[in-house]
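Okay, coords.pdb now, which holds PDB, C-alpha atoms and all ligand atoms:
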```pdb
ATOM      1  CA  MET S 112      74.429  96.342  97.255  1.00  0.00           C
ATOM      2  CA  PRO S 113      76.751  94.905  99.911  1.00  0.00           C
ATOM      3  CA  LEU S 114      80.213  96.343 100.297  1.00  0.00           C
ATOM      4  CA  ASP S 115      82.504  94.688  97.779  1.00  0.00           C
ATOM      5  CA  LYS S 116      85.343  93.565 100.010  1.00  0.00           C
ATOM      6  CA  ALA S 117      87.455  92.800  96.937  1.00  0.00           C
ATOM      7  CA  LYS S 118      87.645  96.516  96.145  1.00  0.00           C
ATOM      8  CA  VAL S 119      88.819  97.576  99.593  1.00  0.00           C
ATOM      9  CA  PRO S 120      92.626  97.717  99.708  1.00  0.00           C
ATOM     10  CA  PHE S 121      94.639  97.116 102.857  1.00  0.00           C
ATOM     11  CA  THR S 122      95.662 100.244 104.741  1.00  0.00           C
ATOM     12  CA  LEU S 123      98.713 100.812 106.933  1.00  0.00           C
ATOM     13  CA  PRO S 124      97.538 100.106 110.523  1.00  0.00           C
ATOM     14  CA  LYS S 125      98.085 102.926 113.002  1.00  0.00           C
ATOM     15  CA  LEU S 126     101.176 102.733 115.216  1.00  0.00           C
ATOM     16  CA  PRO S 127     100.077 102.055 118.829  1.00  0.00           C
ATOM     17  CA  TYR S 128     102.309 104.930 120.139  1.00  0.00           C
ATOM     18  CA  ALA S 129     104.093 108.068 118.920  1.00  0.00           C
ATOM     19  CA  GLU S 130     107.149 107.634 116.654  1.00  0.00           C
ATOM     20  CA  ASP S 131     109.495 108.896 119.396  1.00  0.00           C
ATOM     21  CA  ALA S 132     107.925 106.800 122.202  1.00  0.00           C
ATOM     22  CA  LEU S 133     110.472 103.930 122.044  1.00  0.00           C
ATOM     23  CA  ALA S 134     113.579 106.140 122.184  1.00  0.00           C
ATOM     24  CA  PRO S 135     116.385 105.757 123.041  1.00  0.00           C
ATOM     25  CA  VAL S 136     116.238 102.017 122.243  1.00  0.00           C
ATOM     26  CA  ILE S 137     114.517 102.721 118.912  1.00  0.00           C
ATOM     27  CA  SER S 138     114.776 106.314 117.700  1.00  0.00           C
ATOM     28  CA  ALA S 139     112.006 108.289 116.017  1.00  0.00           C
ATOM     29  CA  LYS S 140     114.195 108.309 112.900  1.00  0.00           C
ATOM     30  CA  THR S 141     114.274 104.495 112.795  1.00  0.00           C
ATOM     31  CA  ILE S 142     110.511 104.291 113.317  1.00  0.00           C
ATOM     32  CA  SER S 143     109.862 106.902 110.643  1.00  0.00           C
ATOM     33  CA  PHE S 144     111.733 104.798 108.061  1.00  0.00           C
ATOM     34  CA  HIS S 145     110.730 101.393 109.394  1.00  0.00           C
ATOM     35  CA  TYR S 146     107.018 102.139 109.756  1.00  0.00           C
ATOM     36  CA  GLY S 147     106.607 105.011 107.315  1.00  0.00           C
ATOM     37  CA  LYS S 148     108.676 103.510 104.459  1.00  0.00           C
ATOM     38  CA  HIS S 149     109.323  99.766 104.921  1.00  0.00           C
ATOM     39  CA  HIS S 150     106.014  98.705 106.466  1.00  0.00           C
ATOM     40  CA  ALA S 151     104.037 101.144 104.279  1.00  0.00           C
ATOM     41  CA  THR S 152     105.691  99.752 101.129  1.00  0.00           C
ATOM     42  CA  TYR S 153     104.789  96.138 102.010  1.00  0.00           C
ATOM     43  CA  VAL S 154     101.131  97.183 102.336  1.00  0.00           C
ATOM     44  CA  LYS S 155     101.156  99.224  99.108  1.00  0.00           C
ATOM     45  CA  THR S 156     102.921  96.464  97.133  1.00  0.00           C
ATOM     46  CA  LEU S 157     100.535  93.827  98.500  1.00  0.00           C
ATOM     47  CA  ASN S 158      97.548  95.852  97.261  1.00  0.00           C
ATOM     48  CA  GLU S 159      99.133  96.107  93.793  1.00  0.00           C
ATOM     49  CA  LEU S 160     100.006  92.390  93.652  1.00  0.00           C
ATOM     50  CA  ILE S 161      96.612  91.033  94.703  1.00  0.00           C
ATOM     51  CA  ALA S 162      94.493  93.332  92.511  1.00  0.00           C
ATOM     52  CA  GLY S 163      92.527  91.142  90.117  1.00  0.00           C
ATOM     53  CA  THR S 164      93.811  87.842  91.596  1.00  0.00           C
ATOM     54  CA  ALA S 165      92.102  85.133  93.651  1.00  0.00           C
ATOM     55  CA  TYR S 166      93.712  86.706  96.736  1.00  0.00           C
ATOM     56  CA  GLU S 167      91.783  89.947  96.406  1.00  0.00           C
ATOM     57  CA  GLY S 168      89.102  90.218  99.090  1.00  0.00           C
ATOM     58  CA  LEU S 169      90.690  87.736 101.509  1.00  0.00           C
ATOM     59  CA  SER S 170      91.798  88.754 105.001  1.00  0.00           C
ATOM     60  CA  LEU S 171      95.515  89.331 105.561  1.00  0.00           C
ATOM     61  CA  ASP S 172      95.765  86.109 107.618  1.00  0.00           C
ATOM     62  CA  GLU S 173      94.056  84.124 104.853  1.00  0.00           C
ATOM     63  CA  ILE S 174      96.413  85.546 102.219  1.00  0.00           C
ATOM     64  CA  VAL S 175      99.467  84.596 104.303  1.00  0.00           C
ATOM     65  CA  VAL S 176      98.267  81.014 104.837  1.00  0.00           C
ATOM     66  CA  ARG S 177      97.105  80.422 101.245  1.00  0.00           C
ATOM     67  CA  ALA S 178     100.121  82.021  99.568  1.00  0.00           C
ATOM     68  CA  ALA S 179     102.469  80.019 101.823  1.00  0.00           C
ATOM     69  CA  ALA S 180     101.073  76.830 100.312  1.00  0.00           C
ATOM     70  CA  ASP S 181     101.318  78.104  96.716  1.00  0.00           C
ATOM     71  CA  LYS S 182     104.811  77.749  95.264  1.00  0.00           C
ATOM     72  CA  ASP S 183     104.545  79.731  92.030  1.00  0.00           C
ATOM     73  CA  ALA S 184     106.599  82.916  91.690  1.00  0.00           C
ATOM     74  CA  ALA S 185     103.646  85.341  91.817  1.00  0.00           C
ATOM     75  CA  ALA S 186     102.389  83.709  95.020  1.00  0.00           C
ATOM     76  CA  ARG S 187     105.855  83.978  96.573  1.00  0.00           C
ATOM     77  CA  LYS S 188     105.807  87.747  96.032  1.00  0.00           C
ATOM     78  CA  ILE S 189     102.301  87.964  97.493  1.00  0.00           C
ATOM     79  CA  PHE S 190     103.384  85.846 100.460  1.00  0.00           C
ATOM     80  CA  ASN S 191     106.452  87.985 101.129  1.00  0.00           C
ATOM     81  CA  ASN S 192     104.510  91.248 101.158  1.00  0.00           C
ATOM     82  CA  ALA S 193     101.459  89.907 103.041  1.00  0.00           C
ATOM     83  CA  ALA S 194     103.598  88.205 105.695  1.00  0.00           C
ATOM     84  CA  GLN S 195     105.771  91.296 106.107  1.00  0.00           C
ATOM     85  CA  ALA S 196     102.618  93.439 106.510  1.00  0.00           C
ATOM     86  CA  TRP S 197     101.315  90.991 109.154  1.00  0.00           C
ATOM     87  CA  ASN S 198     104.669  90.600 110.951  1.00  0.00           C
ATOM     88  CA  HIS S 199     105.266  94.345 111.213  1.00  0.00           C
ATOM     89  CA  ASP S 200     101.846  95.062 112.708  1.00  0.00           C
ATOM     90  CA  PHE S 201     102.469  92.277 115.252  1.00  0.00           C
ATOM     91  CA  TYR S 202     105.946  93.679 115.958  1.00  0.00           C
ATOM     92  CA  TRP S 203     104.678  97.209 116.745  1.00  0.00           C
ATOM     93  CA  HIS S 204     102.263  95.684 119.257  1.00  0.00           C
ATOM     94  CA  SER S 205     105.010  93.505 120.767  1.00  0.00           C
ATOM     95  CA  MET S 206     106.562  96.714 122.124  1.00  0.00           C
ATOM     96  CA  ILE S 207     105.413  99.319 124.631  1.00  0.00           C
ATOM     97  CA  PRO S 208     107.151 102.533 125.736  1.00  0.00           C
ATOM     98  CA  LYS S 209     107.360 101.570 129.430  1.00  0.00           C
ATOM     99  CA  SER S 210     107.770  97.821 129.687  1.00  0.00           C
ATOM    100  CA  VAL S 211     106.611  96.192 132.911  1.00  0.00           C
ATOM    101  CA  ALA S 212     107.552  92.706 134.111  1.00  0.00           C
ATOM    102  CA  PRO S 213     105.397  89.782 132.961  1.00  0.00           C
ATOM    103  CA  ALA S 214     102.406  89.072 135.165  1.00  0.00           C
ATOM    104  CA  GLY S 215      99.451  86.689 135.142  1.00  0.00           C
ATOM    105  CA  LYS S 216      99.355  83.650 132.844  1.00  0.00           C
ATOM    106  CA  ILE S 217     102.394  84.656 130.802  1.00  0.00           C
ATOM    107  CA  LYS S 218     104.559  84.830 133.935  1.00  0.00           C
ATOM    108  CA  GLY S 219     103.579  81.279 134.882  1.00  0.00           C
ATOM    109  CA  ALA S 220     104.050  80.035 131.316  1.00  0.00           C
ATOM    110  CA  LEU S 221     107.565  81.532 131.086  1.00  0.00           C
ATOM    111  CA  GLU S 222     108.540  79.940 134.402  1.00  0.00           C
ATOM    112  CA  LYS S 223     107.131  76.579 133.385  1.00  0.00           C
ATOM    113  CA  ASN S 224     108.843  76.536 129.970  1.00  0.00           C
ATOM    114  CA  PHE S 225     112.108  78.412 130.556  1.00  0.00           C
ATOM    115  CA  GLY S 226     112.692  78.398 134.316  1.00  0.00           C
ATOM    116  CA  ASP S 227     112.519  82.154 134.862  1.00  0.00           C
ATOM    117  CA  LEU S 228     112.470  85.467 133.004  1.00  0.00           C
ATOM    118  CA  ASP S 229     116.266  85.751 132.864  1.00  0.00           C
ATOM    119  CA  ALA S 230     116.606  82.262 131.393  1.00  0.00           C
ATOM    120  CA  PHE S 231     113.974  83.158 128.782  1.00  0.00           C
ATOM    121  CA  LYS S 232     115.789  86.397 127.895  1.00  0.00           C
ATOM    122  CA  LYS S 233     119.075  84.543 127.518  1.00  0.00           C
ATOM    123  CA  ALA S 234     117.584  81.905 125.206  1.00  0.00           C
ATOM    124  CA  PHE S 235     115.634  84.481 123.179  1.00  0.00           C
ATOM    125  CA  ALA S 236     118.683  86.757 122.790  1.00  0.00           C
ATOM    126  CA  GLN S 237     120.803  83.804 121.702  1.00  0.00           C
ATOM    127  CA  ALA S 238     118.270  82.895 118.992  1.00  0.00           C
ATOM    128  CA  ALA S 239     117.884  86.515 117.805  1.00  0.00           C
ATOM    129  CA  VAL S 240     121.612  87.240 117.718  1.00  0.00           C
ATOM    130  CA  GLY S 241     122.466  83.886 116.168  1.00  0.00           C
ATOM    131  CA  GLN S 242     119.963  84.204 113.346  1.00  0.00           C
ATOM    132  CA  PHE S 243     121.823  84.459 110.018  1.00  0.00           C
ATOM    133  CA  GLY S 244     120.729  87.269 107.699  1.00  0.00           C
ATOM    134  CA  SER S 245     117.285  88.878 107.795  1.00  0.00           C
ATOM    135  CA  GLY S 246     114.338  87.556 109.730  1.00  0.00           C
ATOM    136  CA  TRP S 247     112.299  87.484 112.894  1.00  0.00           C
ATOM    137  CA  THR S 248     112.640  85.861 116.322  1.00  0.00           C
ATOM    138  CA  TRP S 249     109.374  84.803 117.936  1.00  0.00           C
ATOM    139  CA  LEU S 250     107.960  83.518 121.181  1.00  0.00           C
ATOM    140  CA  VAL S 251     105.240  81.095 120.078  1.00  0.00           C
ATOM    141  CA  LYS S 252     102.774  78.770 121.725  1.00  0.00           C
ATOM    142  CA  GLY S 253     103.007  75.374 120.067  1.00  0.00           C
ATOM    143  CA  LYS S 254     100.129  73.006 119.343  1.00  0.00           C
ATOM    144  CA  ASP S 255     101.084  71.062 122.512  1.00  0.00           C
ATOM    145  CA  GLY S 256     100.649  74.254 124.553  1.00  0.00           C
ATOM    146  CA  ALA S 257     104.382  74.637 125.267  1.00  0.00           C
ATOM    147  CA  LEU S 258     106.102  77.973 124.668  1.00  0.00           C
ATOM    148  CA  LYS S 259     108.950  77.923 122.173  1.00  0.00           C
ATOM    149  CA  ILE S 260     111.422  80.335 120.652  1.00  0.00           C
ATOM    150  CA  GLU S 261     111.356  80.226 116.869  1.00  0.00           C
ATOM    151  CA  ALA S 262     113.451  82.028 114.259  1.00  0.00           C
ATOM    152  CA  THR S 263     112.006  82.631 110.779  1.00  0.00           C
ATOM    153  CA  SER S 264     113.949  83.856 107.729  1.00  0.00           C
ATOM    154  CA  ASN S 265     113.033  86.863 105.619  1.00  0.00           C
ATOM    155  CA  ALA S 266     109.215  87.226 105.593  1.00  0.00           C
ATOM    156  CA  ASP S 267     108.377  83.809 107.004  1.00  0.00           C
ATOM    157  CA  THR S 268     105.946  83.781 109.910  1.00  0.00           C
ATOM    158  CA  PRO S 269     104.626  81.144 112.361  1.00  0.00           C
ATOM    159  CA  ILE S 270     101.022  81.783 111.258  1.00  0.00           C
ATOM    160  CA  ALA S 271     101.902  80.216 107.884  1.00  0.00           C
ATOM    161  CA  HIS S 272     102.677  76.960 109.737  1.00  0.00           C
ATOM    162  CA  GLY S 273      99.839  76.844 112.264  1.00  0.00           C
ATOM    163  CA  GLY S 274     101.833  78.456 115.097  1.00  0.00           C
ATOM    164  CA  ARG S 275     100.426  80.966 117.573  1.00  0.00           C
ATOM    165  CA  PRO S 276     102.792  83.935 118.007  1.00  0.00           C
ATOM    166  CA  LEU S 277     102.978  85.677 121.378  1.00  0.00           C
ATOM    167  CA  LEU S 278     105.787  88.192 120.699  1.00  0.00           C
ATOM    168  CA  VAL S 279     108.252  89.067 117.957  1.00  0.00           C
ATOM    169  CA  VAL S 280     111.443  91.044 117.445  1.00  0.00           C
ATOM    170  CA  ASP S 281     112.449  92.170 113.956  1.00  0.00           C
ATOM    171  CA  VAL S 282     116.109  91.317 113.327  1.00  0.00           C
ATOM    172  CA  TRP S 283     116.277  92.720 109.795  1.00  0.00           C
ATOM    173  CA  GLU S 284     119.059  95.344 109.842  1.00  0.00           C
ATOM    174  CA  HIS S 285     116.545  98.105 108.980  1.00  0.00           C
ATOM    175  CA  ALA S 286     115.067  97.595 112.493  1.00  0.00           C
ATOM    176  CA  TYR S 287     118.210  98.675 114.360  1.00  0.00           C
ATOM    177  CA  TYR S 288     121.002  99.809 112.047  1.00  0.00           C
ATOM    178  CA  LEU S 289     120.504 103.588 112.428  1.00  0.00           C
ATOM    179  CA  ASP S 290     120.643 103.240 116.233  1.00  0.00           C
ATOM    180  CA  TYR S 291     123.021 100.299 116.795  1.00  0.00           C
ATOM    181  CA  GLN S 292     124.776  99.751 113.429  1.00  0.00           C
ATOM    182  CA  ASN S 293     126.096  96.158 113.480  1.00  0.00           C
ATOM    183  CA  ARG S 294     125.532  95.662 117.236  1.00  0.00           C
ATOM    184  CA  ARG S 295     122.490  93.412 117.028  1.00  0.00           C
ATOM    185  CA  ALA S 296     123.261  91.851 120.427  1.00  0.00           C
ATOM    186  CA  ASP S 297     123.108  95.259 122.168  1.00  0.00           C
ATOM    187  CA  HIS S 298     119.862  96.103 120.406  1.00  0.00           C
ATOM    188  CA  VAL S 299     118.231  92.782 121.350  1.00  0.00           C
ATOM    189  CA  ALA S 300     119.360  93.092 124.990  1.00  0.00           C
ATOM    190  CA  ALA S 301     117.903  96.617 125.257  1.00  0.00           C
ATOM    191  CA  TRP S 302     114.732  95.476 123.470  1.00  0.00           C
ATOM    192  CA  LEU S 303     114.239  92.643 125.985  1.00  0.00           C
ATOM    193  CA  ASP S 304     114.897  94.877 129.007  1.00  0.00           C
ATOM    194  CA  LYS S 305     113.042  98.042 127.969  1.00  0.00           C
ATOM    195  CA  LEU S 306     110.425  97.457 125.276  1.00  0.00           C
ATOM    196  CA  VAL S 307     108.656  94.099 125.584  1.00  0.00           C
ATOM    197  CA  ASN S 308     104.877  94.386 125.855  1.00  0.00           C
ATOM    198  CA  TRP S 309     104.219  91.458 128.216  1.00  0.00           C
ATOM    199  CA  SER S 310     100.544  92.254 128.476  1.00  0.00           C
ATOM    200  CA  PHE S 311     100.244  91.781 124.667  1.00  0.00           C
ATOM    201  CA  ALA S 312     102.009  88.391 125.012  1.00  0.00           C
ATOM    202  CA  ASP S 313      99.628  87.482 127.831  1.00  0.00           C
ATOM    203  CA  GLN S 314      96.565  88.324 125.680  1.00  0.00           C
ATOM    204  CA  ASN S 315      97.958  86.226 122.815  1.00  0.00           C
ATOM    205  CA  LEU S 316      98.302  83.176 125.069  1.00  0.00           C
ATOM    206  CA  GLY S 317      94.497  82.883 124.875  1.00  0.00           C
TER     207      GLY S 317
HETATM  208 MN   MN3 F   1     111.127  95.334 109.512  1.00  0.00          MN
END
```
Would you give me this structure, written as structure tokens?
Amino acid sequence: MPLDKAKVPFTLPKLPYAEDALAPVISAKTISFHYGKHHATYVKTLNELIAGTAYEGLSLDEIVVRAAADKDAAARKIFNNAAQAWNHDFYWHSMIPKSVAPAGKIKGALEKNFGDLDAFKKAFAQAAVGQFGSGWTWLVKGKDGALKIEATSNADTPIAHGGRPLLVVDVWEHAYYLDYQNRRADHVAAWLDKLVNWSFADQNLG
């Protein structure tokens, strides 16, 4: 009998580095709550919500896309938890303990679309700091091939709208409050200077 995919729940993906590897920008304490509690709860809740529904057995990407198009209340809860599970996994990979400057295709794409790395950082920081409430700030590749900065609220994610994410920063307060309290601007500036995984962004360019 083939493996019944519908009976396999989602599991919390492994962090790509140790919990203390992003300190001092993001402390081990923040990661232990953010990954070990927040991200873990989205995965656990998603498994509970999809059990016995038409969503059971679909891939995480498929659940995000289908639930985004379904406006009933149960689908909204499924969307929120599936998108948060997806966004957090993408976020962990958007960071690396020792960030190195962009190289290869991503370097050229940043120069073409923003002028240079500093101009990109300035525009990205402005979007992340200016975002009201909880959400995410993304670097995405649009359907026309141009790179764009996009802010999404709460759980929303570019993959629900056909976008191709290259990088993301989490601007929910749980991502930085233990380390920076209300100073989101300082957190985003340090994140851009010290933690961006440009090689991940380069791979995502395709
Ligand atoms: Mn988060």
(request) Name the residues, by chain letter and number, that sit within 7 Å of ligand MN3 1 (chain F) using all atoms listed in the file, and give them as a PyMOL selection string. (result) chain S and resi 145+149-150+199+281+283+285-286
(request) May I ask for the distance between CA of Ala301 in chain S and CA of Val251 in chain S, given in Å to one decimal place? (result) 20.7 Å
(message) Just to confirm, what's the straight-line distance from CA of Ala300 in chain S to CA of Ile137 in chain S in Å (one decimal)?
(response)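 Answer for the CA of Ala300 in chain S to CA of Ile137 in chain S separation: 12.4 Å.
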(request) Please write the residues picked by the PyMOL selection byres (((chain S and resi 152-157) around 7) and not hetatm) on this file as number ranges by chain. (result) S: 121-123, 148-151, 158-161, 189, 192-193, 195-196
Would you mind exporting the chosen residues as a PDB file, keeping the file's coordinate frame, restricted to C-alpha atoms?
```pdb
ATOM      1  CA  PHE S 121      94.639  97.116 102.857  1.00  0.00           C
ATOM      2  CA  THR S 122      95.662 100.244 104.741  1.00  0.00           C
ATOM      3  CA  LEU S 123      98.713 100.812 106.933  1.00  0.00           C
ATOM      4  CA  LYS S 148     108.676 103.510 104.459  1.00  0.00           C
ATOM      5  CA  HIS S 149     109.323  99.766 104.921  1.00  0.00           C
ATOM      6  CA  HIS S 150     106.014  98.705 106.466  1.00  0.00           C
ATOM      7  CA  ALA S 151     104.037 101.144 104.279  1.00  0.00           C
ATOM      8  CA  ASN S 158      97.548  95.852  97.261  1.00  0.00           C
ATOM      9  CA  GLU S 159      99.133  96.107  93.793  1.00  0.00           C
ATOM     10  CA  LEU S 160     100.006  92.390  93.652  1.00  0.00           C
ATOM     11  CA  ILE S 161      96.612  91.033  94.703  1.00  0.00           C
ATOM     12  CA  ILE S 189     102.301  87.964  97.493  1.00  0.00           C
ATOM     13  CA  ASN S 192     104.510  91.248 101.158  1.00  0.00           C
ATOM     14  CA  ALA S 193     101.459  89.907 103.041  1.00  0.00           C
ATOM     15  CA  GLN S 195     105.771  91.296 106.107  1.00  0.00           C
ATOM     16  CA  ALA S 196     102.618  93.439 106.510  1.00  0.00           C
TER      17      ALA S 196
END
```
(request) Please write the residues picked by the PyMOL selection byres (((chain S and resi 308) around 12) and not hetatm) on this file as a PyMOL selection string. (result) chain S and resi 127+133+201-214+217+277-280+302-307+309-315
Edge lengths and centre in Å to one decimal, as JSON, is what I'm after for the box along x, y and z that holds all listed atoms of range 180-189 of chain S once 3 Å is added on each side.
```
{"center_x": 103.8, "center_y": 82.4, "center_z": 96.0, "size_x": 11.5, "size_y": 17.1, "size_z": 14.6}
```
(message) Could you list, as JSON, numbers by chain, every residue matched by the PyMOL selection byres (((chain S and resi 246) around 10) and not hetatm) in this structure?
(response) {"S": [239, 242, 243, 244, 245, 247, 248, 249, 262, 263, 264, 265, 266, 267, 268, 280, 281, 282, 283, 284]}
